[in-house]
Amino acid sequence: MNKPVMAIQLYTLRDHIQTAEDFDKTLDRLEKMGVKDVQISGIGDFPAEQQGEILKKHGIKCCITHKGFERMLEDLDTMIEEHKAIECDAMGIGSAPSESRGNVRTIREFIEKANGVGKKLKENGMTFNYHNHAFEFHRLDDNVKCMMDFLIEETDPEYFNFIPDVAWIHYGGQNPVDVLKRMKGRVKVLHFKDYAVDENGFRKFVSLGKGVVNLKECYEAACELGIPYIAYEQDCDWKDGDPFLSTEESWEFMQSLLK
């Protein structure tokens, strides 16, 4: 049973990767923590070639990205070249566009477009990957299926893969392990995120291991299913308002799982 490689989703540190200089400083800090793999998301507008050079400088690899779906539809050839520059073979989206979520018809239209993107990526040695939030688990107008049912059952496994987020799955009312089993063979990177619920019932993101998600159970499932990477992500609510502090705390938790 192989252990997943631990990684950091740079969206957590997005305010610190907006320029090449800051990207360099951030990767330097991660390198000193022992991080070898990252997901690039929320990065500033500077050349992919420069990003690739900085990654190599720090001995860090990009295992996957998050990019805009509309740009994939309009400028995929350029995006493929950009991913070659950072030596990354997995292109992801953060979620389906809002106009694609409302009903079965719009979901199927999205699936058709995504399958098309995934087909072209596969032809170029890459994969298309979908990151979920909680809305994919809300029942649709037929009150029988949710959007995720359609994404798992009606997308082409050859062209459509997943970046499951365990906290959003849990928040959406399902067991992350059950969902991961349904995605077997279609996950390169699993997102580890955690959240707590306060006395008023409001959700607050927390460092890994500080919340309600059973991350140990999720880790064991990732090992059993052969998922190659687990990436920490925390959208906001960082410790003392500092995303680096939350990242360091969560990285320690991730390392404890490997022991």
# chains A, B, ... in the order shown; residues from 1 in each chain; ligands from 1

call {"tool": "residues_around", "arguments": {"residues": "range 205-213 of chain A", "least_positions_apart": "2", "cutoff": "7 Å", "atoms": "only C-alpha atoms", "output": "PyMOL selection string"}}
result
chain A and resi 167+170+193-196+203+215+234+236-238+246+249-250+253

call {"tool": "residues_around", "arguments": {"residues": "Ile86 in chain A", "least_positions_apart": "5", "cutoff": "10 Å", "atoms": "only C-alpha atoms", "output": "ChimeraX atom specification"}}
result
/A:40,48-56,61-63,81

call {"tool": "closest_residue", "arguments": {"among": "A:Cys146, A:Val177, A:Ala90, A:Ala85", "to": "Met126 in chain A", "atoms": "only C-alpha atoms"}}
result
A:Ala90

call {"tool": "closest_residue", "arguments": {"among": "A:Met33, A:Ala20, A:Ala134, A:Ala114", "to": "Glu158 in chain A", "atoms": "only C-alpha atoms"}}
result
A:Ala114

call {"tool": "select_by_dssp", "arguments": {"residues": "range 30-233 of chain A", "states": "strand (DSSP E or B)", "output": "VMD selection string"}}
result
chain A and resid 37 to 40 61 to 66 90 to 93 127 to 131 139 146 161 to 163 165 187 189 to 192 194 to 197 203 to 206 229 to 232

call {"tool": "atom_distance", "arguments": {"atom1": "CA of Phe46 in chain A", "atom2": "CA of Gly94 in chain A"}}
result
20.3 Å

call {"tool": "residues_around", "arguments": {"residues": "range 220-231 of chain A", "least_positions_apart": "3", "cutoff": "9 Å", "atoms": "only C-alpha atoms", "output": "PyMOL selection string"}}
result
chain A and resi 1-9+37-39+63+177+180-181+184-193+215-217+254

call {"tool": "write_last_selection", "arguments": {"atoms": "N, CA and C atoms", "output": "PDB file, in the first residue's frame"}}
result
ATOM      1  N   MET A   1       0.852  -1.200   0.000  1.00  0.00           N
ATOM      2  CA  MET A   1       0.000   0.000   0.000  1.00  0.00           C
ATOM      3  C   MET A   1       0.884   1.245   0.000  1.00  0.00           C
ATOM      4  N   ASN A   2       0.818   2.010  -1.089  1.00  0.00           N
ATOM      5  CA  ASN A   2       1.651   3.201  -1.223  1.00  0.00           C
ATOM      6  C   ASN A   2       1.079   4.379  -0.447  1.00  0.00           C
ATOM      7  N   LYS A   3       1.961   5.142   0.150  1.00  0.00           N
ATOM      8  CA  LYS A   3       1.548   6.351   0.850  1.00  0.00           C
ATOM      9  C   LYS A   3       1.509   7.522  -0.129  1.00  0.00           C
ATOM     10  N   PRO A   4       0.456   8.343  -0.084  1.00  0.00           N
ATOM     11  CA  PRO A   4       0.404   9.521  -0.962  1.00  0.00           C
ATOM     12  C   PRO A   4       1.517  10.502  -0.638  1.00  0.00           C
ATOM     13  N   VAL A   5       1.943  11.243  -1.632  1.00  0.00           N
ATOM     14  CA  VAL A   5       2.891  12.338  -1.447  1.00  0.00           C
ATOM     15  C   VAL A   5       2.126  13.546  -0.912  1.00  0.00           C
ATOM     16  N   MET A   6       2.655  14.185   0.093  1.00  0.00           N
ATOM     17  CA  MET A   6       2.007  15.358   0.675  1.00  0.00           C
ATOM     18  C   MET A   6       2.417  16.630  -0.086  1.00  0.00           C
ATOM     19  N   ALA A   7       1.452  17.491  -0.332  1.00  0.00           N
ATOM     20  CA  ALA A   7       1.686  18.701  -1.119  1.00  0.00           C
ATOM     21  C   ALA A   7       0.938  19.877  -0.503  1.00  0.00           C
ATOM     22  N   ILE A   8       1.216  21.063  -1.016  1.00  0.00           N
ATOM     23  CA  ILE A   8       0.553  22.293  -0.574  1.00  0.00           C
ATOM     24  C   ILE A   8      -0.174  22.917  -1.753  1.00  0.00           C
ATOM     25  N   GLN A   9      -1.431  23.222  -1.571  1.00  0.00           N
ATOM     26  CA  GLN A   9      -2.225  23.951  -2.569  1.00  0.00           C
ATOM     27  C   GLN A   9      -1.922  25.443  -2.381  1.00  0.00           C
ATOM     28  N   ASP A  37       6.223  19.280  -3.317  1.00  0.00           N
ATOM     29  CA  ASP A  37       5.194  19.321  -4.361  1.00  0.00           C
ATOM     30  C   ASP A  37       4.131  20.351  -3.999  1.00  0.00           C
ATOM     31  N   VAL A  38       3.660  21.072  -5.016  1.00  0.00           N
ATOM     32  CA  VAL A  38       2.625  22.081  -4.812  1.00  0.00           C
ATOM     33  C   VAL A  38       1.590  21.988  -5.921  1.00  0.00           C
ATOM     34  N   GLN A  39       0.422  22.559  -5.641  1.00  0.00           N
ATOM     35  CA  GLN A  39      -0.565  22.831  -6.676  1.00  0.00           C
ATOM     36  C   GLN A  39      -0.544  24.329  -6.918  1.00  0.00           C
ATOM     37  N   CYS A  63       2.175  19.466  -9.123  1.00  0.00           N
ATOM     38  CA  CYS A  63       1.470  18.216  -9.413  1.00  0.00           C
ATOM     39  C   CYS A  63       0.156  18.449 -10.155  1.00  0.00           C
ATOM     40  N   VAL A 177     -15.127   9.336   2.367  1.00  0.00           N
ATOM     41  CA  VAL A 177     -14.584   8.036   1.969  1.00  0.00           C
ATOM     42  C   VAL A 177     -15.488   7.356   0.944  1.00  0.00           C
ATOM     43  N   LEU A 180     -14.909   9.074  -2.383  1.00  0.00           N
ATOM     44  CA  LEU A 180     -13.613   8.706  -2.947  1.00  0.00           C
ATOM     45  C   LEU A 180     -13.673   7.326  -3.594  1.00  0.00           C
ATOM     46  N   LYS A 181     -14.379   6.400  -2.987  1.00  0.00           N
ATOM     47  CA  LYS A 181     -14.504   5.059  -3.564  1.00  0.00           C
ATOM     48  C   LYS A 181     -15.227   5.102  -4.904  1.00  0.00           C
ATOM     49  N   LYS A 184     -12.801   6.029  -7.720  1.00  0.00           N
ATOM     50  CA  LYS A 184     -11.601   5.197  -7.775  1.00  0.00           C
ATOM     51  C   LYS A 184     -10.964   5.211  -9.167  1.00  0.00           C
ATOM     52  N   GLY A 185      -9.659   5.433  -9.188  1.00  0.00           N
ATOM     53  CA  GLY A 185      -8.923   5.449 -10.446  1.00  0.00           C
ATOM     54  C   GLY A 185      -8.991   6.764 -11.194  1.00  0.00           C
ATOM     55  N   ARG A 186      -9.702   7.754 -10.626  1.00  0.00           N
ATOM     56  CA  ARG A 186      -9.887   9.030 -11.330  1.00  0.00           C
ATOM     57  C   ARG A 186      -9.385  10.212 -10.497  1.00  0.00           C
ATOM     58  N   VAL A 187      -8.537   9.956  -9.530  1.00  0.00           N
ATOM     59  CA  VAL A 187      -8.045  11.015  -8.646  1.00  0.00           C
ATOM     60  C   VAL A 187      -6.528  10.976  -8.601  1.00  0.00           C
ATOM     61  N   LYS A 188      -5.905  12.081  -8.985  1.00  0.00           N
ATOM     62  CA  LYS A 188      -4.457  12.234  -8.816  1.00  0.00           C
ATOM     63  C   LYS A 188      -4.153  12.979  -7.521  1.00  0.00           C
ATOM     64  N   VAL A 189      -4.929  14.039  -7.257  1.00  0.00           N
ATOM     65  CA  VAL A 189      -4.696  14.888  -6.086  1.00  0.00           C
ATOM     66  C   VAL A 189      -5.972  14.987  -5.259  1.00  0.00           C
ATOM     67  N   LEU A 190      -5.843  14.673  -3.978  1.00  0.00           N
ATOM     68  CA  LEU A 190      -6.942  14.782  -3.024  1.00  0.00           C
ATOM     69  C   LEU A 190      -6.703  16.000  -2.148  1.00  0.00           C
ATOM     70  N   HIS A 191      -7.720  16.844  -2.008  1.00  0.00           N
ATOM     71  CA  HIS A 191      -7.582  18.024  -1.164  1.00  0.00           C
ATOM     72  C   HIS A 191      -7.969  17.715   0.272  1.00  0.00           C
ATOM     73  N   PHE A 192      -7.047  18.003   1.182  1.00  0.00           N
ATOM     74  CA  PHE A 192      -7.320  17.932   2.610  1.00  0.00           C
ATOM     75  C   PHE A 192      -7.620  19.339   3.114  1.00  0.00           C
ATOM     76  N   LYS A 193      -8.793  19.483   3.655  1.00  0.00           N
ATOM     77  CA  LYS A 193      -9.261  20.741   4.237  1.00  0.00           C
ATOM     78  C   LYS A 193     -10.066  20.366   5.474  1.00  0.00           C
ATOM     79  N   LEU A 215      -9.920  13.125   9.022  1.00  0.00           N
ATOM     80  CA  LEU A 215      -8.843  13.119   8.037  1.00  0.00           C
ATOM     81  C   LEU A 215      -8.021  11.831   8.098  1.00  0.00           C
ATOM     82  N   LYS A 216      -7.923  11.217   9.247  1.00  0.00           N
ATOM     83  CA  LYS A 216      -7.190   9.953   9.340  1.00  0.00           C
ATOM     84  C   LYS A 216      -7.890   8.881   8.504  1.00  0.00           C
ATOM     85  N   GLU A 217      -9.199   8.834   8.593  1.00  0.00           N
ATOM     86  CA  GLU A 217      -9.971   7.885   7.795  1.00  0.00           C
ATOM     87  C   GLU A 217      -9.817   8.188   6.301  1.00  0.00           C
ATOM     88  N   MET A 254       0.018  16.679   8.531  1.00  0.00           N
ATOM     89  CA  MET A 254       0.146  15.783   7.395  1.00  0.00           C
ATOM     90  C   MET A 254       1.341  14.838   7.570  1.00  0.00           C
TER      91      MET A 254
END

call {"tool": "closest_residue", "arguments": {"among": "A:Ala96, A:Gly59, A:Val35, A:Phe128", "to": "Leu76 in chain A", "atoms": "only C-alpha atoms"}}
result
A:Phe128

call {"tool": "atom_distance", "arguments": {"atom1": "CA of Met91 in chain A", "atom2": "CA of Ile152 in chain A"}}
result
17.9 Å

call {"tool": "select_by_dssp", "arguments": {"residues": "range 68-249 of chain A", "states": "helix (DSSP H, G or I)", "output": "VMD selection string"}}
result
chain A and resid 69 to 85 98 to 100 104 to 123 135 to 137 147 to 154 166 to 171 176 to 182 215 to 225 239 to 241 243 to 249

call {"tool": "closest_residue", "arguments": {"among": "A:Phe160, A:Phe150, A:Tyr219, A:Phe110", "to": "Thr127 in chain A", "atoms": "only C-alpha atoms"}}
result
A:Phe160

call {"tool": "residues_around", "arguments": {"residues": "Met147 in chain A", "least_positions_apart": "4", "cutoff": "9 Å", "atoms": "only C-alpha atoms", "output": "list of chain:residue names"}}
result
A:Arg101, A:Gly102, A:Asn103, A:Val104, A:Ile107, A:Phe135, A:Glu136, A:Phe137, A:His138, A:Arg139, A:Leu140, A:Leu151, A:Ile152

call {"tool": "atom_distance", "arguments": {"atom1": "CA of Gly172 in chain A", "atom2": "CA of Gly241 in chain A"}}
result
25.8 Å

call {"tool": "closest_residue", "arguments": {"among": "A:Phe23, A:Pro157, A:His58, A:Thr78", "to": "Lys36 in chain A", "atoms": "only C-alpha atoms"}}
result
A:His58
